[in-house]
Structure formats: C-alpha cells, structure tokens
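Trainee: Sharing work-v3.txt, compact mmCIF, C-alpha atoms:
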# COMPACT_ATOMS: atom_id res chain seq x y z
CA MET A 1 33.73 -192.34 -4.86
CA ILE A 2 33.32 -195.33 -2.59
CA ASP A 3 32.34 -194.68 1.01
CA PHE A 4 31.49 -196.72 4.07
CA LYS A 5 31.78 -196.69 7.85
CA LEU A 6 32.27 -200.27 9.03
CA TYR A 7 34.66 -202.36 6.94
CA VAL A 8 34.63 -206.02 8.00
CA ILE A 9 37.42 -208.35 6.95
CA ILE A 10 36.41 -212.00 6.87
CA ASP A 11 39.70 -213.69 7.64
CA ARG A 12 39.74 -217.48 7.46
CA LYS A 13 42.30 -217.83 10.23
CA SER A 14 40.44 -215.55 12.66
CA SER A 15 36.95 -217.00 12.08
CA LYS A 16 37.11 -219.89 14.56
CA GLY A 17 36.61 -222.44 11.79
CA ARG A 18 33.23 -221.04 10.77
CA ASP A 19 32.17 -220.87 7.14
CA PRO A 20 33.25 -217.51 5.62
CA ALA A 21 29.83 -216.99 4.01
CA TYR A 22 28.12 -217.53 7.37
CA VAL A 23 30.43 -215.05 9.10
CA ALA A 24 29.93 -212.55 6.27
CA GLN A 25 26.14 -212.94 6.50
CA GLU A 26 26.21 -212.25 10.24
CA ALA A 27 28.53 -209.25 9.79
CA ILE A 28 26.26 -207.83 7.08
CA GLU A 29 23.20 -208.30 9.29
CA GLY A 30 25.08 -206.46 12.03
CA GLY A 31 25.71 -203.49 9.76
CA ALA A 32 28.94 -204.02 7.78
CA ASP A 33 29.06 -201.55 4.89
CA ILE A 34 31.80 -203.35 2.97
CA ILE A 35 33.22 -206.86 3.19
CA GLN A 36 36.72 -208.06 2.46
CA LEU A 37 37.51 -211.74 2.05
CA ARG A 38 41.02 -212.52 3.23
CA ASP A 39 42.29 -216.07 3.10
CA LYS A 40 46.01 -216.74 2.98
CA GLU A 41 45.61 -220.46 3.57
CA SER A 42 43.06 -221.98 1.21
CA SER A 43 43.51 -222.92 -2.44
CA ALA A 44 42.40 -220.49 -5.12
CA GLY A 45 39.50 -222.80 -5.93
CA GLU A 46 38.26 -222.70 -2.34
CA ILE A 47 38.60 -218.91 -2.10
CA LEU A 48 36.73 -218.58 -5.40
CA LYS A 49 33.90 -220.69 -4.01
CA ALA A 50 33.71 -218.71 -0.76
CA GLY A 51 33.95 -215.44 -2.69
CA ARG A 52 31.04 -216.36 -4.94
CA ALA A 53 28.91 -217.33 -1.95
CA ILE A 54 29.69 -214.03 -0.21
CA LEU A 55 29.07 -212.04 -3.41
CA ASP A 56 25.51 -213.38 -3.44
CA LEU A 57 25.06 -211.86 0.02
CA THR A 58 26.76 -208.51 -0.62
CA ARG A 59 24.86 -207.98 -3.90
CA ARG A 60 21.59 -208.48 -2.08
CA LYS A 61 22.55 -205.70 0.35
CA LYS A 62 24.19 -203.57 -2.39
CA ILE A 63 27.48 -203.39 -0.50
CA PRO A 64 30.91 -203.99 -2.07
CA LEU A 65 32.92 -207.20 -1.79
CA ILE A 66 36.68 -206.80 -1.87
CA ILE A 67 39.12 -209.71 -2.29
CA ASN A 68 42.44 -209.52 -0.47
CA ASP A 69 45.70 -209.72 -2.44
CA ARG A 70 44.63 -212.02 -5.33
CA VAL A 71 43.64 -209.94 -8.33
CA ASP A 72 42.96 -213.11 -10.34
CA ILE A 73 40.48 -214.40 -7.77
CA ALA A 74 38.82 -210.97 -7.54
CA VAL A 75 38.29 -211.07 -11.32
CA ALA A 76 37.13 -214.69 -11.24
CA VAL A 77 34.63 -213.98 -8.44
CA GLY A 78 33.39 -210.85 -10.19
CA ALA A 79 34.04 -208.99 -6.94
CA ASP A 80 33.84 -205.22 -6.65
CA GLY A 81 37.51 -204.79 -5.96
CA VAL A 82 40.81 -205.95 -4.57
CA HIS A 83 42.79 -204.94 -1.51
CA LEU A 84 46.57 -204.89 -1.86
CA GLY A 85 49.43 -204.71 0.61
CA GLN A 86 52.75 -202.95 0.11
CA ASP A 87 54.28 -206.29 -0.96
CA ASP A 88 51.50 -207.30 -3.36
CA LEU A 89 51.17 -206.49 -7.06
CA PRO A 90 51.48 -202.79 -7.92
CA ILE A 91 48.24 -200.77 -8.22
CA GLY A 92 48.75 -200.10 -11.94
CA THR A 93 49.19 -203.78 -12.72
CA ALA A 94 46.12 -204.67 -10.69
CA ARG A 95 44.11 -201.88 -12.34
CA SER A 96 44.86 -203.13 -15.84
CA MET A 97 43.59 -206.59 -14.86
CA ILE A 98 40.56 -205.68 -12.78
CA GLY A 99 39.36 -202.66 -14.77
CA GLU A 100 38.70 -198.97 -14.24
CA GLY A 101 35.28 -199.43 -12.66
CA LYS A 102 36.53 -201.58 -9.81
CA ILE A 103 37.80 -200.62 -6.37
CA ILE A 104 41.47 -200.90 -5.43
CA GLY A 105 42.45 -200.42 -1.81
CA LEU A 106 45.99 -200.33 -0.45
CA SER A 107 47.37 -200.91 3.04
CA THR A 108 49.61 -198.06 4.12
CA HIS A 109 51.73 -197.63 7.21
CA SER A 110 53.01 -194.06 6.91
CA VAL A 111 52.04 -190.70 5.42
CA SER A 112 54.43 -191.17 2.53
CA GLN A 113 52.88 -194.54 1.65
CA ALA A 114 49.41 -192.98 1.92
CA LEU A 115 50.34 -190.13 -0.43
CA GLU A 116 51.95 -192.56 -2.87
CA ALA A 117 48.84 -194.77 -2.89
CA GLN A 118 46.64 -191.75 -3.61
CA GLU A 119 49.01 -190.68 -6.39
CA ASN A 120 48.96 -194.19 -7.90
CA GLY A 121 45.19 -194.31 -8.13
CA ALA A 122 44.05 -196.20 -5.03
CA ASP A 123 40.33 -195.76 -4.42
CA TYR A 124 40.81 -195.94 -0.67
CA ILE A 125 43.62 -196.70 1.72
CA GLY A 126 43.94 -198.62 4.93
CA VAL A 127 45.98 -196.91 7.63
CA GLY A 128 47.51 -198.94 10.41
CA PRO A 129 47.99 -201.01 12.36
CA VAL A 130 46.83 -198.34 14.79
CA PHE A 131 47.23 -200.71 17.72
CA SER A 132 49.29 -203.89 17.87
CA THR A 133 47.29 -206.88 16.70
CA PRO A 134 47.78 -210.64 16.67
CA THR A 135 46.49 -210.64 13.05
CA LYS A 136 49.64 -208.83 11.83
CA PRO A 137 52.36 -209.74 14.33
CA ASP A 138 55.17 -208.45 12.08
CA TYR A 139 53.87 -204.88 11.97
CA LYS A 140 54.67 -202.20 14.50
CA ALA A 141 51.65 -200.21 15.67
CA VAL A 142 51.60 -196.78 14.03
CA GLY A 143 49.52 -195.12 16.78
CA VAL A 144 46.66 -192.64 16.51
CA ASP A 145 48.86 -189.67 15.56
CA LEU A 146 49.16 -191.04 12.03
CA ILE A 147 45.37 -190.85 11.74
CA ARG A 148 45.48 -187.08 12.35
CA GLU A 149 48.21 -186.59 9.79
CA VAL A 150 46.52 -188.71 7.13
CA ARG A 151 43.20 -186.95 7.75
CA ASP A 152 44.86 -183.60 7.01
CA ARG A 153 46.78 -184.67 3.94
CA ILE A 154 44.80 -187.33 2.03
CA ARG A 155 41.75 -186.69 -0.17
CA ILE A 156 40.69 -190.29 -0.84
CA PRO A 157 38.78 -192.24 1.82
CA PHE A 158 40.97 -193.79 4.47
CA VAL A 159 39.97 -196.58 6.82
CA VAL A 160 41.85 -197.21 10.04
CA ILE A 161 42.76 -200.74 11.01
CA GLY A 162 44.70 -202.75 13.54
CA GLY A 163 43.51 -203.99 16.89
CA ILE A 164 40.42 -201.76 16.92
CA ASP A 165 37.46 -202.91 19.01
CA GLY A 166 34.82 -201.56 21.36
CA SER A 167 37.44 -200.73 23.98
CA ASN A 168 39.45 -198.29 21.86
CA ILE A 169 37.23 -197.15 18.99
CA ASP A 170 36.55 -193.82 20.75
CA GLU A 171 40.26 -193.09 20.64
CA VAL A 172 40.54 -193.53 16.84
CA LEU A 173 37.36 -191.55 16.22
CA ALA A 174 38.69 -188.74 18.42
CA ALA A 175 41.81 -188.68 16.25
CA GLY A 176 39.72 -188.07 13.13
CA ALA A 177 38.91 -191.52 11.79
CA ARG A 178 35.49 -191.87 10.16
CA ARG A 179 35.87 -195.43 8.83
CA VAL A 180 37.01 -198.44 10.81
CA ALA A 181 38.17 -201.83 9.56
CA VAL A 182 38.07 -204.83 11.85
CA VAL A 183 39.13 -208.45 11.64
CA ARG A 184 39.24 -210.15 15.03
CA ALA A 185 36.72 -207.80 16.72
CA VAL A 186 33.96 -209.04 14.40
CA CYS A 187 34.85 -212.29 12.63
CA GLY A 188 36.58 -213.57 15.76
CA ALA A 189 33.61 -212.76 18.02
CA GLU A 190 31.29 -215.46 19.29
CA ASP A 191 28.37 -213.19 18.37
CA VAL A 192 29.52 -211.81 15.01
CA ARG A 193 26.30 -209.94 14.34
CA GLY A 194 26.20 -208.32 17.77
CA ALA A 195 29.86 -207.29 17.57
CA ALA A 196 29.31 -205.63 14.18
CA LYS A 197 26.12 -204.00 15.40
CA ARG A 198 27.77 -202.38 18.44
CA LEU A 199 30.66 -200.99 16.36
CA LYS A 200 28.27 -199.69 13.73
CA GLU A 201 26.13 -197.97 16.35
CA ARG A 202 29.21 -196.18 17.63
CA LEU A 203 30.21 -195.17 14.09
CA ASN A 204 26.70 -193.93 13.38
CA LYS A 205 27.04 -191.41 16.21
CA ILE A 206 29.80 -189.45 14.46
CA MET B 1 51.63 -226.73 -29.91
CA ILE B 2 54.12 -226.35 -27.10
CA ASP B 3 56.74 -229.07 -26.70
CA PHE B 4 59.73 -229.75 -24.50
CA LYS B 5 61.67 -232.56 -22.88
CA LEU B 6 63.03 -231.29 -19.56
CA TYR B 7 60.63 -229.17 -17.50
CA VAL B 8 62.32 -227.62 -14.49
CA ILE B 9 60.28 -226.21 -11.61
CA ILE B 10 62.08 -223.56 -9.60
CA ASP B 11 60.50 -224.02 -6.21
CA ARG B 12 61.49 -221.52 -3.54
CA LYS B 13 61.23 -224.05 -0.72
CA SER B 14 63.38 -226.68 -2.45
CA SER B 15 66.12 -224.32 -3.64
CA LYS B 16 68.28 -224.33 -0.49
CA GLY B 17 67.84 -220.59 -0.04
CA ARG B 18 69.42 -219.73 -3.38
CA ASP B 19 68.10 -216.92 -5.56
CA PRO B 20 65.41 -218.26 -7.95
CA ALA B 21 66.97 -216.43 -10.92
CA TYR B 22 70.35 -218.00 -10.18
CA VAL B 23 68.83 -221.48 -9.95
CA ALA B 24 66.86 -220.87 -13.15
CA GLN B 25 70.00 -219.69 -14.96
CA GLU B 26 71.89 -222.83 -13.94
CA ALA B 27 68.97 -225.07 -14.95
CA ILE B 28 68.74 -223.37 -18.34
CA GLU B 29 72.48 -223.75 -18.87
CA GLY B 30 72.08 -227.42 -18.04
CA GLY B 31 69.42 -227.85 -20.71
CA ALA B 32 65.97 -227.05 -19.25
CA ASP B 33 63.49 -226.55 -22.11
CA ILE B 34 60.84 -224.85 -20.01
CA ILE B 35 60.90 -223.21 -16.58
CA GLN B 36 58.16 -222.96 -14.00
CA LEU B 37 58.40 -220.58 -11.06
CA ARG B 38 56.64 -221.97 -8.02
CA ASP B 39 56.63 -220.02 -4.80
CA LYS B 40 53.90 -220.59 -2.23
CA GLU B 41 55.65 -218.56 0.45
CA SER B 42 56.69 -215.16 -0.84
CA SER B 43 54.53 -212.08 -1.36
CA ALA B 44 53.14 -211.35 -4.82
CA GLY B 45 55.60 -208.47 -5.13
CA GLU B 46 58.56 -210.75 -4.49
CA ILE B 47 57.32 -213.40 -6.92
CA LEU B 48 56.77 -210.68 -9.53
CA LYS B 49 60.35 -209.52 -9.10
CA ALA B 50 61.78 -213.05 -9.34
CA GLY B 51 59.52 -213.79 -12.32
CA ARG B 52 60.73 -210.74 -14.21
CA ALA B 53 64.36 -211.65 -13.55
CA ILE B 54 63.78 -215.20 -14.79
CA LEU B 55 61.83 -213.98 -17.84
CA ASP B 56 64.95 -212.08 -18.93
CA LEU B 57 66.82 -215.38 -18.91
CA THR B 58 64.16 -217.53 -20.59
CA ARG B 59 63.57 -214.96 -23.35
CA ARG B 60 67.26 -214.98 -24.17
CA LYS B 61 67.12 -218.76 -24.65
CA LYS B 62 63.67 -218.62 -26.30
CA ILE B 63 62.16 -221.04 -23.80
CA PRO B 64 58.83 -220.55 -22.03
CA LEU B 65 58.38 -219.32 -18.46
CA ILE B 66 55.34 -220.62 -16.64
CA ILE B 67 54.10 -219.20 -13.31
CA ASN B 68 52.53 -221.60 -10.82
CA ASP B 69 48.99 -221.02 -9.60
CA ARG B 70 48.82 -217.18 -9.71
CA VAL B 71 47.25 -216.05 -12.96
CA ASP B 72 47.56 -212.42 -11.86
CA ILE B 73 51.31 -212.71 -11.33
CA ALA B 74 51.70 -214.54 -14.66
CA VAL B 75 49.97 -211.61 -16.39
CA ALA B 76 51.98 -209.04 -14.41
CA VAL B 77 55.28 -210.77 -15.24
CA GLY B 78 54.31 -211.13 -18.91
CA ALA B 79 55.12 -214.83 -18.57
CA ASP B 80 54.33 -217.35 -21.28
CA GLY B 81 51.77 -219.19 -19.22
CA VAL B 82 50.40 -220.42 -15.95
CA HIS B 83 50.32 -223.85 -14.33
CA LEU B 84 47.22 -224.74 -12.35
CA GLY B 85 46.39 -227.47 -9.87
CA GLN B 86 43.04 -229.19 -9.44
CA ASP B 87 42.23 -226.76 -6.59
CA ASP B 88 43.29 -223.59 -8.39
CA LEU B 89 41.19 -221.34 -10.63
CA PRO B 90 39.37 -223.16 -13.46
CA ILE B 91 41.09 -223.25 -16.88
CA GLY B 92 38.38 -221.16 -18.55
CA THR B 93 38.68 -218.40 -15.95
CA ALA B 94 42.46 -218.40 -16.27
CA ARG B 95 42.22 -218.37 -20.08
CA SER B 96 40.03 -215.29 -20.13
CA MET B 97 42.57 -213.44 -17.98
CA ILE B 98 45.83 -214.61 -19.53
CA GLY B 99 44.71 -214.72 -23.18
CA GLU B 100 44.44 -217.24 -26.00
CA GLY B 101 48.08 -217.09 -27.02
CA LYS B 102 49.39 -218.15 -23.62
CA ILE B 103 50.10 -221.61 -22.22
CA ILE B 104 47.92 -223.18 -19.56
CA GLY B 105 49.08 -226.39 -17.89
CA LEU B 106 47.12 -228.45 -15.42
CA SER B 107 48.23 -231.00 -12.83
CA THR B 108 46.29 -234.24 -13.18
CA HIS B 109 46.33 -237.36 -11.05
CA SER B 110 44.10 -239.76 -13.00
CA VAL B 111 43.01 -240.54 -16.56
CA SER B 112 39.66 -238.85 -15.98
CA GLN B 113 41.34 -235.63 -14.81
CA ALA B 114 43.69 -235.80 -17.81
CA LEU B 115 40.79 -236.18 -20.25
CA GLU B 116 38.89 -233.37 -18.55
CA ALA B 117 41.91 -231.04 -18.74
CA GLN B 118 42.29 -231.78 -22.46
CA GLU B 119 38.57 -231.17 -22.98
CA ASN B 120 38.78 -227.85 -21.07
CA GLY B 121 41.58 -226.50 -23.24
CA ALA B 122 44.77 -227.19 -21.30
CA ASP B 123 47.85 -226.81 -23.50
CA TYR B 124 49.66 -229.55 -21.62
CA ILE B 125 49.11 -231.61 -18.52
CA GLY B 126 51.27 -232.80 -15.68
CA VAL B 127 50.73 -236.43 -14.68
CA GLY B 128 51.76 -237.61 -11.24
CA PRO B 129 53.12 -237.83 -8.72
CA VAL B 130 54.60 -240.94 -10.35
CA PHE B 131 56.67 -241.67 -7.27
CA SER B 132 56.11 -240.38 -3.75
CA THR B 133 57.85 -237.07 -3.21
CA PRO B 134 58.55 -234.81 -0.24
CA THR B 135 57.47 -231.83 -2.41
CA LYS B 136 53.83 -233.02 -2.40
CA PRO B 137 53.46 -235.03 0.80
CA ASP B 138 49.65 -235.06 0.61
CA TYR B 139 49.52 -236.84 -2.74
CA LYS B 140 49.55 -240.58 -3.19
CA ALA B 141 51.96 -241.79 -5.88
CA VAL B 142 50.04 -242.78 -9.03
CA GLY B 143 52.71 -245.16 -10.33
CA VAL B 144 54.03 -245.72 -13.85
CA ASP B 145 50.92 -247.54 -15.11
CA LEU B 146 49.08 -244.23 -15.33
CA ILE B 147 51.78 -243.03 -17.77
CA ARG B 148 50.92 -245.87 -20.16
CA GLU B 149 47.23 -245.14 -19.96
CA VAL B 150 47.63 -241.39 -20.46
CA ARG B 151 50.00 -241.97 -23.39
CA ASP B 152 47.33 -244.04 -25.13
CA ARG B 153 44.40 -241.71 -24.48
CA ILE B 154 45.62 -238.08 -24.45
CA ARG B 155 46.51 -236.03 -27.53
CA ILE B 156 48.00 -232.93 -25.81
CA PRO B 157 51.56 -233.05 -24.44
CA PHE B 158 51.86 -234.63 -21.03
CA VAL B 159 54.79 -234.28 -18.68
CA VAL B 160 55.36 -236.76 -15.88
CA ILE B 161 56.26 -235.49 -12.45
CA GLY B 162 56.81 -236.61 -8.88
CA GLY B 163 60.02 -237.90 -7.36
CA ILE B 164 61.75 -238.43 -10.72
CA ASP B 165 65.53 -238.32 -10.75
CA GLY B 166 68.51 -240.10 -12.31
CA SER B 167 67.74 -243.26 -10.37
CA ASN B 168 64.28 -243.86 -11.80
CA ILE B 169 64.00 -241.87 -15.03
CA ASP B 170 64.53 -245.04 -17.12
CA GLU B 171 61.42 -246.51 -15.55
CA VAL B 172 59.18 -243.58 -16.58
CA LEU B 173 60.66 -243.44 -20.07
CA ALA B 174 60.08 -247.18 -20.46
CA ALA B 175 56.43 -246.57 -19.56
CA GLY B 176 56.07 -244.12 -22.44
CA ALA B 177 56.93 -240.73 -20.94
CA ARG B 178 58.72 -238.33 -23.31
CA ARG B 179 58.72 -235.25 -21.07
CA VAL B 180 59.87 -235.11 -17.45
CA ALA B 181 59.26 -232.42 -14.84
CA VAL B 182 61.53 -232.15 -11.84
CA VAL B 183 61.68 -230.04 -8.70
CA ARG B 184 64.04 -231.43 -6.10
CA ALA B 185 66.23 -233.38 -8.56
CA VAL B 186 67.39 -230.12 -10.16
CA CYS B 187 66.66 -227.07 -8.01
CA GLY B 188 67.50 -229.02 -4.86
CA ALA B 189 70.81 -230.28 -6.26
CA GLU B 190 74.12 -228.80 -5.14
CA ASP B 191 75.16 -228.72 -8.81
CA VAL B 192 71.95 -227.51 -10.48
CA ARG B 193 73.47 -227.27 -13.93
CA GLY B 194 75.05 -230.72 -13.79
CA ALA B 195 71.82 -232.29 -12.53
CA ALA B 196 69.81 -230.74 -15.36
CA LYS B 197 72.48 -231.72 -17.88
CA ARG B 198 72.45 -235.40 -16.91
CA LEU B 199 68.65 -235.64 -17.06
CA LYS B 200 68.59 -233.85 -20.41
CA GLU B 201 71.21 -236.19 -21.84
CA ARG B 202 69.06 -239.14 -20.84
CA LEU B 203 65.98 -237.52 -22.40
CA ASN B 204 67.90 -236.77 -25.59
CA LYS B 205 68.51 -240.49 -26.09
CA ILE B 206 64.84 -241.29 -26.62
Can I see the file as structure tokens?

Mentor:
Amino acid sequence: MIDFKLYVIIDRKSSKGRDPAYVAQEAIEGGADIIQLRDKESSAGEILKAGRAILDLTRRKKIPLIINDRVDIAVAVGADGVHLGQDDLPIGTARSMIGEGKIIGLSTHSVSQALEAQENGADYIGVGPVFSTPTKPDYKAVGVDLIREVRDRIRIPFVVIGGIDGSNIDEVLAAGARRVAVVRAVCGAEDVRGAAKRLKERLNKI
Amino acid sequence: MIDFKLYVIIDRKSSKGRDPAYVAQEAIEGGADIIQLRDKESSAGEILKAGRAILDLTRRKKIPLIINDRVDIAVAVGADGVHLGQDDLPIGTARSMIGEGKIIGLSTHSVSQALEAQENGADYIGVGPVFSTPTKPDYKAVGVDLIREVRDRIRIPFVVIGGIDGSNIDEVLAAGARRVAVVRAVCGAEDVRGAAKRLKERLNKI
C-alpha cells in the first residue's frame, strides 16, 4: 500500500511561470514524498515532456509521480499513477489502461464519495477542499469535520487538501489527518524548497 | 484502408450550445462519412458520456467515430480512433494504447509534417488550415497549393480542413482534394443536416 506524508501538486497555473521540473526538484529537496503534475492548460505533448523530466527526478528519490486527470499521458510518461476527479474517467476504465500495479487516486468531497472510491479500487483518496482555495474556486470548503468522519470510516490512505498551509495545518492534523496535499502553499511559494521543508517538519512531528 | 468524403467535426464550442449527440445525428443524416468529437472544454467524464452517445449513432450507420486528442477517452468510449495534433501525444505512444486495429489521424501543416505522419504510421492526415478560420486562430492559412503538393507526395488518405464551406469548396476540390473536413460549416450551421447534405452533394460529384 502506498503511503506518504507531504503530497505536492505541481500546478502549472500556480507556479508563477517557473518550469515544472524546477519546482518539482525544489519540492523534492524540501521533503515532498509524492509529486503530482497537474496542468490543465498545456498541450499533451508539453505535459508529456514535463512529466518525463519530473519522472527522472522522482525516480532518483524513489518517490511516486502521479499525473492529474490524463490517463493517456500517465501511461505515456511511464508515471507511477494517475489522479482522477469526480468528473474524470471512471476508476475501472483508468485501471484497465494504466494497469494493476499503478496508483489511482480520486478526489472526494463527502463520506459517500470516499466510500465509493474505496469500493471502486482507489489506492488513495483526496479529501477536500478542507478550506476554501483560489485553486478550486467552484468547490465549497468541506471543513475539518469531514476529516474526522473519513478517518473513522475509510481504510485506504486519505490525503487532505484545499487551502492548507503553515497557518492552518495544525487544525487538520488535530482533526486526524496524517497526509497533507498542497498546491499554492508550495509551488506558489517564492521559496519552494523552504515551504515544503517547513510543512514536512510539522508532519514529521505527528 | 479507411476512406471517406465528408468528415464532420463536432466541436463543443462551435455547436451553439446544442447537444453533441444531436448535432452528430443531424450531420450523419446529412451525409457525414466520419465523425470526430472535439471538446477542449468539458471534463473527461462529460466527453466520455457524449462519445458513448455518438458511438451509438455512428455504429448504426457503420461510420467511424474519432475522438480528438484524448487517447484515454477514445479507449474508454471504444471509439474507432483518435485524432492528434502536432502538440499531442506521439503517434507511436497513441498506437500502443489504442491498438493496431484503430484509426490514428494527425493534423499536418506542411509537406514535411505530412510525410513524417505517413512514415510514423498515421492512417490519415488532416492538411490545413487551407483558409483562415476562427476555430484555429493561432494557425496561419496554408493555402490551396499545399493540397496539390500533398496530393502528389502522400499515399495515405488526406483530408483538407480549415475554413472550408459552400463558398470555397470548389477551390479545394480543383486543387486535388477528395476529402473535406468541416467544423463551423456544419456544426455551427442553424440547419446542420442541410449544411452537411449540400457539402456531401458537392463531394459526390467528383
């Protein structure tokens, strides 16, 4: 079973125009345990190129690289897995393309979605957005209470996401989270490495 | 080898808000020989749903359904093929995912790209944009001379695309085109079926 503490999403739009491989390298140096490449804007060819560059880095550190949404690009990159949203391809369809040995994560926004993801064979789930976040303006924050409920009812690893940074991480950890996913707090930071390092240090204390 | 005369692209953005399956049905009734679903805006889940609905229609008429760009959605839909751009996944990568029996088309904008696509195993190529078109504002029109050159040098089927409608189809046919792809001229028409019918009648005369 996959496990990790600090899950860093390298999001093209939130990276202040910096090269995704550079941002990933800094995040890994800061202590990211798993990297997701999310890019809703570039062509498949560009994402493939960035994915391959990041895979070189993650392989060296023996941490997984997950591609957001695009199962075909995940396969083409040779990534370790794919992360799907509720509106993306179904888990079963993705599984048949990417293979049994790969990781499939699913974003969930309620206990029922979390249970369904577990039932459908997700290897981990995202739970959120815990706080409101500019990265997902259309989603209503689910709040920390959902973390407690998911912790009690889900067996697969769950990672909490959504507006989490140094100012509120204690709150999600107090609610039972053991894994935290961040976008803006790391890849949007001026000092990517330092931002990852500080979050990882906090996670290492639990 | 795949062949066709009228290639209709069902483009979400150009369809005046109408349901893609409805537009596809009308285009097929009007004489489309092959349908491509292109949707750069919707989620994978929505495109999958529309693709499955359109596949029901194309199967009934025994014409191919091609999915634009997303190899994973093409596989999930069970479509007959995928159409790639120069910035999408490479043909070889797509082939290994979609399988030998499926159709792979590639957009080309020069003789060298056309030759390369043929060399890399494309089943057909698109050549264009012949005229400037609002659908691809970033592309410079290649003009009808490229049609003549491609006709003389390419063995696989080529379909010309880009701003073609009833007002200029004679010009592309005179240059040696035998297959025409349209977006706006059919799926943007008030009378989709009638628009397809008139283009098909013109193509049937050659």

Trainee: A:Thr93, A:Asn168, A:Gln118, A:Asn204: which is nearest chain B, counting all atoms listed in the file?

Mentor: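 Using all atoms listed in the file, chain B sits closest to A:Thr93.
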
Trainee: Mind listing as a list in words all residues within 10 Å of (42.3, -239.2, -17.1), counting all atoms listed in the file?

Mentor: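 These residues have at least one counted atom within 10 Å: Thr108, His109, Ser110, Val111, Ser112, Gln113, Ala114, Leu115, Glu116, Ala117, Gln118, Val127, Leu146, Glu149, Val150, Arg153 and Ile154 of chain B.
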
Trainee: Only residues of chain B matter here; which ones have an atom within 9 Å of chain A, counting all atoms listed in the file? Give them as a VMD selection string.

Mentor: chain B and resid 43 to 46 48 69 to 73 75 to 76 86 to 90 93 to 94 97

Trainee: Distance CA of Gly188 (chain A)-CA of Phe131 (chain A), one decimal place?

Mentor: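 Computed distance, CA of Gly188 (chain A) to CA of Phe131 (chain A), equals 16.8 Å.
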
Trainee: Show me the residues around (54.6, -226.1, -14.3) - criterion: an atom at most 8 Å away, only C-alpha atoms counted - as a VMD selection string.

Mentor: chain B and resid 7 to 9 35 to 38 66 to 68 82 to 84 105 to 106 126 181

Trainee: Could you please determine the separation between CA of Lys5 (chain A) and CA of Arg179 (chain A) in Å, to one decimal place?

Mentor: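 These atoms are spaced 4.4 Å apart.
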
Trainee: Counting all atoms listed in the file, figure out which residue out of B:Asp152, B:Glu190, B:Asp170, B:Asp145 gets nearest to Leu203 (chain B).

Mentor: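 Using all atoms listed in the file, Leu203 (chain B) sits closest to B:Asp170.
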
Trainee: For Asp165 (chain B), work out the shell of residues within 9 Å, counting all atoms listed in the file and skipping chain neighbours fewer than 4 positions away, then give it as a PyMOL selection string.

Mentor: chain B and resi 169+182+184-186+195+199

Trainee: Could you check the closest approach to Gly194 (chain B) for each of B:Gly101, B:Pro137, B:Ile125, B:Gly166 and tell me which residue wins, using only C-alpha atoms?

Mentor: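 For Gly194 (chain B), the nearest of the candidates is B:Gly166.
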
Trainee: Check the smallest atom-to-atom distance from each of A:Ile54, A:Val142, A:Val160, A:Ala174 to Gly78 (chain A) using all atoms listed in the file, then report the winner.

Mentor: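 Of A:Ile54, A:Val142, A:Val160, A:Ala174, the one nearest Gly78 (chain A) is A:Ile54, counting all atoms listed in the file.
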
Trainee: Tell me which of A:Met1, A:Val172, A:Ala196, A:Ile103 sits closest to Ile28 (chain A), counting only C-alpha atoms.

Mentor: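 Among the listed residues, A:Ala196 lies closest to Ile28 (chain A).
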
Trainee: Tell me which of B:Arg178, B:Lys13, B:Gly51, B:Ile63 sits closest to Ile34 (chain B), counting only C-alpha atoms.

Mentor: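 The answer is B:Ile63, which sits nearest to Ile34 (chain B).
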
Trainee: I'd like the contact shell of Arg193 (chain A) - 10 Å cut-off, all atoms listed in the file, skipping same-chain residues fewer than 2 positions apart - returned as JSON, numbers by chain.

Mentor: {"A": [23, 24, 25, 26, 27, 28, 29, 30, 31, 32, 186, 187, 189, 190, 191, 195, 196, 197, 198]}
